[in-house]
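Engineer: Got work-v5.cif for you, mmCIF, C-alpha atoms and all ligand atoms:
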data_model
loop_
_atom_site.group_PDB
_atom_site.id
_atom_site.type_symbol
_atom_site.label_atom_id
_atom_site.label_comp_id
_atom_site.auth_asym_id
_atom_site.auth_seq_id
_atom_site.Cartn_x
_atom_site.Cartn_y
_atom_site.Cartn_z
ATOM 1 C CA MET Z 1 49.262 35.049 200.965
ATOM 2 C CA ARG Z 2 52.328 33.402 202.450
ATOM 3 C CA PRO Z 3 53.104 30.868 205.209
ATOM 4 C CA TYR Z 4 53.946 31.850 208.790
ATOM 5 C CA VAL Z 5 57.756 31.873 209.045
ATOM 6 C CA TYR Z 6 59.778 30.733 212.066
ATOM 7 C CA LEU Z 7 63.518 31.323 212.141
ATOM 8 C CA MET Z 8 65.352 29.027 214.557
ATOM 9 C CA ALA Z 9 69.088 28.899 215.265
ATOM 10 C CA ALA Z 10 71.712 28.305 217.927
ATOM 11 C CA VAL Z 11 74.257 31.101 218.426
ATOM 12 C CA THR Z 12 77.406 31.678 220.447
ATOM 13 C CA VAL Z 13 77.448 34.496 222.999
ATOM 14 C CA ASP Z 14 79.007 36.648 220.244
ATOM 15 C CA GLY Z 15 76.113 35.926 217.866
ATOM 16 C CA ARG Z 16 77.790 33.445 215.521
ATOM 17 C CA ILE Z 17 76.018 30.414 214.062
ATOM 18 C CA ALA Z 18 79.269 28.951 212.707
ATOM 19 C CA SER Z 19 82.994 29.441 213.250
ATOM 20 C CA ARG Z 20 85.301 30.733 210.528
ATOM 21 C CA THR Z 21 85.965 27.092 209.551
ATOM 22 C CA GLY Z 22 82.244 26.273 209.301
ATOM 23 C CA TYR Z 23 81.936 24.435 212.624
ATOM 24 C CA SER Z 24 78.342 24.874 213.846
ATOM 25 C CA ARG Z 25 77.436 22.164 216.355
ATOM 26 C CA LEU Z 26 76.211 24.451 219.102
ATOM 27 C CA SER Z 27 72.920 22.911 220.235
ATOM 28 C CA CYS Z 28 72.813 20.542 223.226
ATOM 29 C CA PRO Z 29 70.613 17.402 222.985
ATOM 30 C CA HIS Z 30 67.514 19.158 224.394
ATOM 31 C CA ASP Z 31 67.935 22.060 222.001
ATOM 32 C CA LEU Z 32 68.119 19.609 219.107
ATOM 33 C CA LYS Z 33 64.888 18.040 220.391
ATOM 34 C CA ARG Z 34 63.320 21.502 220.315
ATOM 35 C CA LEU Z 35 64.544 21.939 216.721
ATOM 36 C CA HIS Z 36 63.133 18.570 215.675
ATOM 37 C CA ALA Z 37 59.794 19.308 217.411
ATOM 38 C CA MET Z 38 59.657 22.527 215.379
ATOM 39 C CA ARG Z 39 60.446 20.597 212.170
ATOM 40 C CA ALA Z 40 57.566 18.238 212.996
ATOM 41 C CA ASN Z 41 55.273 21.239 213.572
ATOM 42 C CA VAL Z 42 55.907 22.896 210.182
ATOM 43 C CA ASP Z 43 55.140 21.979 206.587
ATOM 44 C CA ALA Z 44 58.597 22.841 205.211
ATOM 45 C CA VAL Z 45 62.176 23.591 206.322
ATOM 46 C CA ILE Z 46 64.155 26.103 204.246
ATOM 47 C CA ILE Z 47 67.957 26.320 204.007
ATOM 48 C CA GLY Z 48 70.501 28.131 201.811
ATOM 49 C CA ALA Z 49 73.149 26.566 199.586
ATOM 50 C CA ASN Z 50 76.089 27.064 201.961
ATOM 51 C CA THR Z 51 74.354 25.284 204.823
ATOM 52 C CA ALA Z 52 73.463 22.455 202.438
ATOM 53 C CA ILE Z 53 77.106 22.179 201.310
ATOM 54 C CA VAL Z 54 78.889 22.690 204.653
ATOM 55 C CA ASP Z 55 76.522 20.686 206.920
ATOM 56 C CA ASN Z 56 75.008 18.211 204.468
ATOM 57 C CA PRO Z 57 71.919 18.051 206.746
ATOM 58 C CA ARG Z 58 69.095 15.501 206.533
ATOM 59 C CA LEU Z 59 66.401 17.954 207.709
ATOM 60 C CA THR Z 60 64.208 15.051 208.869
ATOM 61 C CA VAL Z 61 62.464 14.538 212.239
ATOM 62 C CA ARG Z 62 64.449 12.053 214.318
ATOM 63 C CA TYR Z 63 64.704 13.140 217.961
ATOM 64 C CA VAL Z 64 60.931 13.358 218.521
ATOM 65 C CA GLU Z 65 57.946 11.523 217.020
ATOM 66 C CA GLY Z 66 56.515 13.353 214.041
ATOM 67 C CA ARG Z 67 56.125 13.854 210.349
ATOM 68 C CA ASN Z 68 59.048 14.936 208.135
ATOM 69 C CA PRO Z 69 58.591 18.396 206.610
ATOM 70 C CA VAL Z 70 59.221 19.117 202.935
ATOM 71 C CA ARG Z 71 62.883 20.118 202.509
ATOM 72 C CA VAL Z 72 63.423 23.367 200.643
ATOM 73 C CA LEU Z 73 66.770 24.541 199.271
ATOM 74 C CA ILE Z 74 67.405 28.025 197.871
ATOM 75 C CA ASP Z 75 70.360 27.907 195.494
ATOM 76 C CA GLY Z 76 70.399 30.597 192.783
ATOM 77 C CA ALA Z 77 73.340 29.104 190.884
ATOM 78 C CA LEU Z 78 72.444 25.463 191.661
ATOM 79 C CA ARG Z 79 75.974 24.861 192.882
ATOM 80 C CA VAL Z 80 75.231 22.145 195.466
ATOM 81 C CA PRO Z 81 76.542 18.625 194.740
ATOM 82 C CA THR Z 82 73.833 16.137 193.730
ATOM 83 C CA THR Z 83 75.090 13.682 196.381
ATOM 84 C CA LEU Z 84 73.631 15.617 199.327
ATOM 85 C CA ARG Z 85 71.478 13.848 201.920
ATOM 86 C CA ILE Z 86 68.513 16.138 201.160
ATOM 87 C CA PHE Z 87 68.279 14.314 197.812
ATOM 88 C CA ASP Z 88 67.960 10.881 199.468
ATOM 89 C CA ASN Z 89 64.172 10.555 198.944
ATOM 90 C CA SER Z 90 63.470 10.054 202.667
ATOM 91 C CA ALA Z 91 61.259 13.176 202.409
ATOM 92 C CA PRO Z 92 60.183 15.388 199.505
ATOM 93 C CA THR Z 93 62.675 18.087 198.435
ATOM 94 C CA ILE Z 94 62.074 21.256 196.438
ATOM 95 C CA ILE Z 95 64.899 23.418 195.056
ATOM 96 C CA TYR Z 96 64.310 27.047 194.115
ATOM 97 C CA THR Z 97 66.879 28.172 191.591
ATOM 98 C CA SER Z 98 67.305 30.707 188.790
ATOM 99 C CA ARG Z 99 67.808 30.670 185.040
ATOM 100 C CA ARG Z 100 71.567 30.552 185.724
ATOM 101 C CA ALA Z 101 71.291 26.936 186.891
ATOM 102 C CA PRO Z 102 73.031 24.331 184.683
ATOM 103 C CA LEU Z 103 70.415 22.362 182.706
ATOM 104 C CA GLU Z 104 72.127 18.966 183.106
ATOM 105 C CA LYS Z 105 72.051 19.306 186.875
ATOM 106 C CA ILE Z 106 68.378 20.266 186.825
ATOM 107 C CA GLU Z 107 67.610 17.200 184.702
ATOM 108 C CA GLU Z 108 69.652 14.884 186.921
ATOM 109 C CA LEU Z 109 67.899 16.092 190.069
ATOM 110 C CA ARG Z 110 64.445 15.940 188.477
ATOM 111 C CA GLY Z 111 65.236 12.385 187.360
ATOM 112 C CA ARG Z 112 65.859 11.531 190.998
ATOM 113 C CA GLY Z 113 62.494 12.831 192.156
ATOM 114 C CA VAL Z 114 63.592 16.286 193.325
ATOM 115 C CA GLU Z 115 61.311 19.153 192.340
ATOM 116 C CA VAL Z 116 63.311 21.984 190.764
ATOM 117 C CA VAL Z 117 61.516 25.317 190.474
ATOM 118 C CA ILE Z 118 63.096 28.035 188.328
ATOM 119 C CA ILE Z 119 62.133 31.351 189.790
ATOM 120 C CA GLY Z 120 63.993 34.540 188.886
ATOM 121 C CA GLU Z 121 66.851 35.578 186.626
ATOM 122 C CA GLU Z 122 69.668 35.533 189.151
ATOM 123 C CA LYS Z 123 68.590 36.502 192.664
ATOM 124 C CA ILE Z 124 65.605 34.671 194.041
ATOM 125 C CA ASP Z 125 62.957 36.771 195.762
ATOM 126 C CA PRO Z 126 62.164 34.972 199.050
ATOM 127 C CA GLY Z 127 58.625 36.380 198.763
ATOM 128 C CA ASP Z 128 58.186 34.374 195.538
ATOM 129 C CA VAL Z 129 59.414 31.242 197.332
ATOM 130 C CA LEU Z 130 56.926 31.754 200.169
ATOM 131 C CA ARG Z 131 54.063 32.480 197.770
ATOM 132 C CA ASP Z 132 54.825 29.285 195.862
ATOM 133 C CA LEU Z 133 54.987 27.217 199.070
ATOM 134 C CA TYR Z 134 51.654 28.673 200.152
ATOM 135 C CA ARG Z 135 50.130 27.683 196.805
ATOM 136 C CA ARG Z 136 51.291 24.155 197.611
ATOM 137 C CA ASN Z 137 49.228 24.347 200.801
ATOM 138 C CA MET Z 138 52.124 24.996 203.190
ATOM 139 C CA LYS Z 139 50.957 27.219 206.034
ATOM 140 C CA LYS Z 140 53.967 27.143 208.400
ATOM 141 C CA VAL Z 141 57.639 27.002 207.475
ATOM 142 C CA LEU Z 142 60.919 26.939 209.376
ATOM 143 C CA LEU Z 143 63.901 28.914 208.155
ATOM 144 C CA GLU Z 144 66.996 27.028 209.326
ATOM 145 C CA GLY Z 145 69.737 29.276 207.993
ATOM 146 C CA GLY Z 146 72.399 30.057 207.343
ATOM 147 C CA GLY Z 147 73.147 33.701 207.960
ATOM 148 C CA ARG Z 148 72.892 34.944 204.386
ATOM 149 C CA THR Z 149 69.539 33.269 203.759
ATOM 150 C CA ASN Z 150 68.267 34.545 207.118
ATOM 151 C CA TRP Z 151 69.136 38.101 205.985
ATOM 152 C CA GLU Z 152 67.308 37.690 202.643
ATOM 153 C CA PHE Z 153 64.070 36.834 204.468
ATOM 154 C CA LEU Z 154 64.452 39.102 207.490
ATOM 155 C CA ASN Z 155 65.399 42.184 205.470
ATOM 156 C CA ARG Z 156 62.145 41.821 203.512
ATOM 157 C CA CYS Z 157 60.083 41.450 206.691
ATOM 158 C CA LEU Z 158 59.339 37.827 205.879
ATOM 159 C CA VAL Z 159 60.058 36.359 209.331
ATOM 160 C CA ASP Z 160 57.290 36.205 211.941
ATOM 161 C CA GLU Z 161 59.031 34.551 214.891
ATOM 162 C CA LEU Z 162 62.679 34.317 215.858
ATOM 163 C CA ILE Z 163 63.775 31.557 218.263
ATOM 164 C CA VAL Z 164 67.429 31.849 219.177
ATOM 165 C CA THR Z 165 69.302 29.643 221.616
ATOM 166 C CA ILE Z 166 72.326 31.351 223.160
ATOM 167 C CA THR Z 167 74.964 28.703 223.838
ATOM 168 C CA PRO Z 168 77.965 29.112 226.184
ATOM 169 C CA TYR Z 169 80.619 29.503 223.484
ATOM 170 C CA VAL Z 170 82.526 32.274 221.692
ATOM 171 C CA PHE Z 171 83.917 32.025 218.128
ATOM 172 C CA GLY Z 172 85.315 35.562 217.814
ATOM 173 C CA ASN Z 173 84.767 35.360 214.053
ATOM 174 C CA GLY Z 174 82.700 33.363 211.578
ATOM 175 C CA VAL Z 175 79.107 33.430 210.314
ATOM 176 C CA SER Z 176 76.617 35.670 212.123
ATOM 177 C CA LEU Z 177 72.963 34.788 212.710
ATOM 178 C CA ILE Z 178 72.107 37.431 210.097
ATOM 179 C CA GLU Z 179 74.691 38.067 207.348
ATOM 180 C CA GLY Z 180 73.812 41.003 205.124
ATOM 181 C CA GLU Z 181 74.517 44.593 204.211
ATOM 182 C CA GLY Z 182 73.334 45.523 207.699
ATOM 183 C CA TYR Z 183 71.611 48.512 209.293
ATOM 184 C CA PRO Z 184 73.339 51.745 210.366
ATOM 185 C CA ASN Z 185 71.452 52.039 213.678
ATOM 186 C CA THR Z 186 68.547 50.561 215.654
ATOM 187 C CA GLU Z 187 65.949 52.788 213.934
ATOM 188 C CA GLU Z 188 66.536 51.938 210.313
ATOM 189 C CA THR Z 189 65.336 48.355 210.406
ATOM 190 C CA PRO Z 190 62.206 47.333 208.508
ATOM 191 C CA PHE Z 191 60.906 45.506 211.622
ATOM 192 C CA VAL Z 192 60.776 45.632 215.410
ATOM 193 C CA LEU Z 193 61.417 42.692 217.714
ATOM 194 C CA GLU Z 194 59.028 42.051 220.592
ATOM 195 C CA LEU Z 195 60.267 39.752 223.305
ATOM 196 C CA VAL Z 196 57.837 36.867 223.870
ATOM 197 C CA SER Z 197 59.739 34.609 226.274
ATOM 198 C CA VAL Z 198 63.091 33.846 227.902
ATOM 199 C CA LYS Z 199 63.646 30.244 228.958
ATOM 200 C CA LEU Z 200 66.509 28.301 230.427
ATOM 201 C CA CYS Z 201 67.188 25.284 228.231
ATOM 202 C CA GLU Z 202 66.669 21.881 229.890
ATOM 203 C CA CYS Z 203 70.435 21.243 229.494
ATOM 204 C CA GLY Z 204 71.013 24.099 231.969
ATOM 205 C CA ARG Z 205 73.665 26.147 230.129
ATOM 206 C CA GLU Z 206 71.682 27.711 227.261
ATOM 207 C CA ILE Z 207 69.042 30.455 227.077
ATOM 208 C CA VAL Z 208 66.179 30.260 224.580
ATOM 209 C CA LEU Z 209 64.881 33.652 223.425
ATOM 210 C CA THR Z 210 61.661 33.971 221.453
ATOM 211 C CA TYR Z 211 60.813 37.206 219.630
ATOM 212 C CA ARG Z 212 57.795 38.147 217.531
ATOM 213 C CA LEU Z 213 58.675 40.368 214.572
ATOM 214 C CA ARG Z 214 56.452 43.254 213.627
ATOM 215 C CA CYS Z 215 56.990 44.775 210.241
ATOM 216 C CA LYS Z 216 57.005 48.576 210.225
ATOM 217 C CA ASN Z 217 54.054 49.705 208.105
ATOM 218 C CA LYS Z 218 55.945 51.175 205.173
ATOM 219 C CA PHE Z 219 57.879 47.925 204.718
ATOM 220 C CA THR Z 220 54.905 45.560 204.864
ATOM 221 C CA GLN Z 221 55.100 43.143 201.950
ATOM 222 C CA ASN Z 222 51.903 42.869 200.029
ATOM 223 C CA ILE Z 223 51.836 39.060 199.861
HETATM 224 N N1 LIG K 301 74.087 27.258 214.408
HETATM 225 C C1 LIG K 301 73.021 27.248 213.658
HETATM 226 O O1 LIG K 301 71.895 27.283 214.175
HETATM 227 C C2 LIG K 301 73.151 27.187 212.166
HETATM 228 C C3 LIG K 301 71.994 27.036 211.405
HETATM 229 C C4 LIG K 301 72.100 27.004 210.008
HETATM 230 C C5 LIG K 301 73.338 27.146 209.398
HETATM 231 N N2 LIG K 301 74.441 27.282 210.165
HETATM 232 C C6 LIG K 301 75.763 27.491 209.523
HETATM 233 O O2 LIG K 301 75.691 28.618 208.650
HETATM 234 C C7 LIG K 301 76.731 28.506 207.681
HETATM 235 C C8 LIG K 301 76.224 28.925 206.318
HETATM 236 O O3 LIG K 301 75.694 30.239 206.340
HETATM 237 P P1 LIG K 301 75.959 31.243 205.114
HETATM 238 O O4 LIG K 301 75.463 32.582 205.524
HETATM 239 O O5 LIG K 301 77.375 31.112 204.676
HETATM 240 O O6 LIG K 301 75.086 30.658 203.928
HETATM 241 P P2 LIG K 301 73.597 30.141 203.677
HETATM 242 O O7 LIG K 301 73.440 28.746 204.184
HETATM 243 O O8 LIG K 301 72.604 31.156 204.074
HETATM 244 O O9 LIG K 301 73.617 30.014 202.080
HETATM 245 C C9 LIG K 301 73.770 31.191 201.299
HETATM 246 C C10 LIG K 301 73.667 30.799 199.850
HETATM 247 O O10 LIG K 301 72.338 30.313 199.566
HETATM 248 C C11 LIG K 301 71.937 30.753 198.274
HETATM 249 N N3 LIG K 301 70.840 31.712 198.436
HETATM 250 C C12 LIG K 301 70.238 32.078 199.603
HETATM 251 N N4 LIG K 301 69.282 32.989 199.363
HETATM 252 C C13 LIG K 301 69.288 33.216 198.020
HETATM 253 C C14 LIG K 301 68.532 34.066 197.158
HETATM 254 N N5 LIG K 301 67.584 34.883 197.631
HETATM 255 N N6 LIG K 301 68.813 34.037 195.828
HETATM 256 C C15 LIG K 301 69.764 33.227 195.332
HETATM 257 N N7 LIG K 301 70.511 32.398 196.094
HETATM 258 C C16 LIG K 301 70.273 32.396 197.428
HETATM 259 C C17 LIG K 301 73.136 31.441 197.670
HETATM 260 O O11 LIG K 301 73.885 30.453 197.002
HETATM 261 C C18 LIG K 301 73.892 31.947 198.883
HETATM 262 O O12 LIG K 301 75.259 32.143 198.629
HETATM 263 C C19 LIG K 301 77.202 27.059 207.723
HETATM 264 O O13 LIG K 301 78.495 27.024 208.272
HETATM 265 C C20 LIG K 301 76.212 26.381 208.654
HETATM 266 O O14 LIG K 301 76.847 25.373 209.406
HETATM 267 C C21 LIG K 301 74.376 27.302 211.529
HETATM 268 N N1 LIG K 302 69.331 24.872 215.881
HETATM 269 C C1 LIG K 302 70.537 24.506 215.392
HETATM 270 N N2 LIG K 302 71.533 24.206 216.263
HETATM 271 C C2 LIG K 302 72.769 23.854 215.803
HETATM 272 O O1 LIG K 302 73.674 23.602 216.629
HETATM 273 C C3 LIG K 302 72.992 23.772 214.407
HETATM 274 N N3 LIG K 302 74.207 23.405 213.908
HETATM 275 C C4 LIG K 302 71.929 24.064 213.563
HETATM 276 N N4 LIG K 302 72.130 23.992 212.229
HETATM 277 C C5 LIG K 302 71.004 23.943 211.332
HETATM 278 C C6 LIG K 302 71.454 23.330 210.087
HETATM 279 O O2 LIG K 302 70.422 23.273 209.096
HETATM 280 C C7 LIG K 302 72.023 21.945 210.307
HETATM 281 O O3 LIG K 302 72.548 21.615 209.105
HETATM 282 C C8 LIG K 302 70.983 20.940 210.737
HETATM 283 O O4 LIG K 302 70.621 21.140 212.087
HETATM 284 C C9 LIG K 302 71.454 19.511 210.649
HETATM 285 O O5 LIG K 302 70.300 18.758 210.470
HETATM 286 P P1 LIG K 302 70.251 17.156 210.492
HETATM 287 O O6 LIG K 302 70.558 16.725 211.917
HETATM 288 O O7 LIG K 302 71.267 16.622 209.546
HETATM 289 O O8 LIG K 302 68.837 16.814 210.112
HETATM 290 N N5 LIG K 302 70.727 24.438 214.058
#
Could you rewrite the structure in this file as structure tokens?
Ligand SMILES: NC(=O)c1ccc[n+]([C@@H]2O[C@H](COP(=O)([O-])OP(=O)(O)OC[C@H]3O[C@@H](n4cnc5c(N)ncnc54)[C@H](O)[C@@H]3O)[C@@H](O)[C@H]2O)c1
Ligand SMILES: Nc1nc(=O)c(N)c(NC[C@H](O)[C@H](O)[C@H](O)COP(=O)(O)O)[nH]1
Structural biologist:
Amino acid sequence: MRPYVYLMAAVTVDGRIASRTGYSRLSCPHDLKRLHAMRANVDAVIIGANTAIVDNPRLTVRYVEGRNPVRVLIDGALRVPTTLRIFDNSAPTIIYTSRRAPLEKIEELRGRGVEVVIIGEEKIDPGDVLRDLYRRNMKKVLLEGGGRTNWEFLNRCLVDELIVTITPYVFGNGVSLIEGEGYPNTEETPFVLELVSVKLCECGREIVLTYRLRCKNKFTQNI
């Protein structure tokens, strides 16, 4: 068993979540409210190491009333600095890392109340992460990027709902919503996307697309 997985992000018209310099502030105030309402609705928010390093996010609920989710970082090499805001104790934080992680850093973070879970030899299987979160009674999680982490989950059919806000910008380069080896055509994907809704954002210049993902039978993960 695994939690239900939402993937939420803001993209430019050319599908980028960040520019080539790492700039990623795309959401308008209402879109950020939507993001925070989603954080309040889930048990955990998951991010990858680059997003943690580049954005230094808090991952708390601030723009709406609600409970903070557990903050989850996936960092195979445990290369993030220990000074990040997600280690500030304002909400629980779990790191999933591998046996490659430096022991001193693990000890330092554990000493500061961060849960460090060693899972895997080098690459971390996102299915293992989800299974472990489910064992901790987490039934709904939000994947908040970045592109590489999104690919790791999506490519294994581990995303149930995709909520993408198209913002009126173009980067022409940078980080895509999904950053992976890619698919050669529209057939050879492990999933299909079913459009659920198209909404104009309250700010008036953004479009919010919601898709349900259906895993093609032969790719269904047995978790
Ligand atoms: N606009 C948006 O909505 C939005 C949202 C989130 C992030 N971003 C942007 O995305 C950019 C970062 O994206 P990215 O694709 O470079 O990186 P990322 O944040 O997805 O982090 C990738 C890293 O996470 C670790 N990781 C992830 N999955 C792993 C696994 N299965 N096993 C081991 N390690 C794993 C690895 O260190 C990997 O290099 C940032 O610039 C950020 O600002 C934008
Ligand atoms: N939906 C969305 N729109 C954006 O414009 C943007 N930059 C992100 N990015 C997600 C990423 O995880 C960010 O780092 C956190 O949105 C910052 O979170 P905090 O405010 O520090 O809690 N997500």
Engineer: Residues contacting ligand LIG 302 (chain K) - anything with an atom at most 10 Å away, using only C-alpha atoms and all ligand atoms - can you give me those as a PyMOL selection string?
Structural biologist: chain Z and resi 7-12+17-18+22-29+31-36+38-39+45-48+50-63+85-86+143-146+163-167
Engineer: Looking at only C-alpha atoms, which of Z:Arg100, Z:Arg20, Z:Arg214, Z:Lys140 is the one that sits closest to Ile119 (chain Z)?
Structural biologist: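 Checking each of Z:Arg100, Z:Arg20, Z:Arg214, Z:Lys140 against Ile119 (chain Z), counting only C-alpha atoms, the winner is Z:Arg100.
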Engineer: I'd like to see the residues matched by the PyMOL selection byres (((chain Z and resi 106) around 12) and not hetatm) on this file, and ideally I'd get them as a VMD selection string.
Structural biologist: chain Z and resid 75 77 to 82 94 to 105 107 to 118
Engineer: Just C-alpha atoms for this one: save the residues we selected as a JSON list (two decimals), in the coordinates of the input.
Structural biologist:
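File produced: result.json:
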[["chain", "number", "residue", "atom", "x", "y", "z"],
["Z", 75, "ASP", "CA", 70.36, 27.91, 195.49],
["Z", 77, "ALA", "CA", 73.34, 29.10, 190.88],
["Z", 78, "LEU", "CA", 72.44, 25.46, 191.66],
["Z", 79, "ARG", "CA", 75.97, 24.86, 192.88],
["Z", 80, "VAL", "CA", 75.23, 22.14, 195.47],
["Z", 81, "PRO", "CA", 76.54, 18.62, 194.74],
["Z", 82, "THR", "CA", 73.83, 16.14, 193.73],
["Z", 94, "ILE", "CA", 62.07, 21.26, 196.44],
["Z", 95, "ILE", "CA", 64.90, 23.42, 195.06],
["Z", 96, "TYR", "CA", 64.31, 27.05, 194.12],
["Z", 97, "THR", "CA", 66.88, 28.17, 191.59],
["Z", 98, "SER", "CA", 67.31, 30.71, 188.79],
["Z", 99, "ARG", "CA", 67.81, 30.67, 185.04],
["Z", 100, "ARG", "CA", 71.57, 30.55, 185.72],
["Z", 101, "ALA", "CA", 71.29, 26.94, 186.89],
["Z", 102, "PRO", "CA", 73.03, 24.33, 184.68],
["Z", 103, "LEU", "CA", 70.42, 22.36, 182.71],
["Z", 104, "GLU", "CA", 72.13, 18.97, 183.11],
["Z", 105, "LYS", "CA", 72.05, 19.31, 186.88],
["Z", 107, "GLU", "CA", 67.61, 17.20, 184.70],
["Z", 108, "GLU", "CA", 69.65, 14.88, 186.92],
["Z", 109, "LEU", "CA", 67.90, 16.09, 190.07],
["Z", 110, "ARG", "CA", 64.44, 15.94, 188.48],
["Z", 111, "GLY", "CA", 65.24, 12.38, 187.36],
["Z", 112, "ARG", "CA", 65.86, 11.53, 191.00],
["Z", 113, "GLY", "CA", 62.49, 12.83, 192.16],
["Z", 114, "VAL", "CA", 63.59, 16.29, 193.32],
["Z", 115, "GLU", "CA", 61.31, 19.15, 192.34],
["Z", 116, "VAL", "CA", 63.31, 21.98, 190.76],
["Z", 117, "VAL", "CA", 61.52, 25.32, 190.47],
["Z", 118, "ILE", "CA", 63.10, 28.04, 188.33]]
Engineer: Evaluate the PyMOL selection byres (((chain Z and resi 91) around 9) and not hetatm) against this structure - the residues, as a short mmCIF file (atom, residue, chain, number, x, y, z; two decimals) with C-alpha atoms, keeping the file's coordinate frame, please.
Structural biologist:
data_model
loop_
_atom_site.label_atom_id
_atom_site.label_comp_id
_atom_site.auth_asym_id
_atom_site.auth_seq_id
_atom_site.Cartn_x
_atom_site.Cartn_y
_atom_site.Cartn_z
CA LEU Z 59 66.40 17.95 207.71
CA THR Z 60 64.21 15.05 208.87
CA ASN Z 68 59.05 14.94 208.14
CA PRO Z 69 58.59 18.40 206.61
CA VAL Z 70 59.22 19.12 202.94
CA ARG Z 71 62.88 20.12 202.51
CA ILE Z 86 68.51 16.14 201.16
CA PHE Z 87 68.28 14.31 197.81
CA ASP Z 88 67.96 10.88 199.47
CA ASN Z 89 64.17 10.56 198.94
CA SER Z 90 63.47 10.05 202.67
CA PRO Z 92 60.18 15.39 199.50
CA THR Z 93 62.68 18.09 198.44
#
Engineer: Please expand the PyMOL selection byres (((chain Z and resi 180) around 7) and not hetatm) into the concrete residues it hits in this file, giving the result as number ranges by chain.
Structural biologist: Z: 148, 151, 178-179, 181-182
Engineer: Mind giving me the straight-line distance from CA of Asn173 (chain Z) to CA of Tyr211 (chain Z) in Å, one decimal?
Structural biologist: 24.7 Å
Engineer: Between atom N5 of ligand LIG 301 (chain K) and CA of Gly147 (chain Z), what is the distance, to one decimal in Å?
Structural biologist: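 Atom N5 of ligand LIG 301 (chain K) sits 11.8 Å away from CA of Gly147 (chain Z).
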Engineer: To test the calculation: enclose all listed atoms of ligand LIG 301 (chain K) in a box whose edges run along x, y and z, add 4 Å on each side, then state centre and edge lengths in Å to one decimal, as lines of an AutoDock Vina configuration file.
Structural biologist:
center_x = 73.0
center_y = 30.1
center_z = 204.9
size_x = 18.9
size_y = 17.5
size_z = 27.1
Engineer: Give the answer as one residue: which of Z:Leu193, Z:Cys203, Z:Val13, Z:Val5 has the shortest atom-to-atom distance to Ser176 (chain Z), using all atoms listed in the file?
Structural biologist: Z:Val13
Engineer: Which distance in Å separates atom C14 of ligand LIG 301 (chain K) and CA of Val175 (chain Z), to one decimal?
Structural biologist: 16.9 Å
Engineer: With all atoms listed in the file as the counted atoms, please give the residues lying no more than 10 Å from Tyr4 (chain Z), apart from itself and same-chain residues fewer than 3 positions off, as a CSV table (one decimal) with C-alpha atoms, in the frame of the given file.
Structural biologist:
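Resulting contents of around01.csv:
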chain,number,residue,atom,x,y,z
Z,1,MET,CA,49.3,35.0,201.0
Z,42,VAL,CA,55.9,22.9,210.2
Z,130,LEU,CA,56.9,31.8,200.2
Z,134,TYR,CA,51.7,28.7,200.2
Z,138,MET,CA,52.1,25.0,203.2
Z,139,LYS,CA,51.0,27.2,206.0
Z,140,LYS,CA,54.0,27.1,208.4
Z,141,VAL,CA,57.6,27.0,207.5
Z,142,LEU,CA,60.9,26.9,209.4
Z,158,LEU,CA,59.3,37.8,205.9
Z,159,VAL,CA,60.1,36.4,209.3
Z,160,ASP,CA,57.3,36.2,211.9
Z,161,GLU,CA,59.0,34.6,214.9
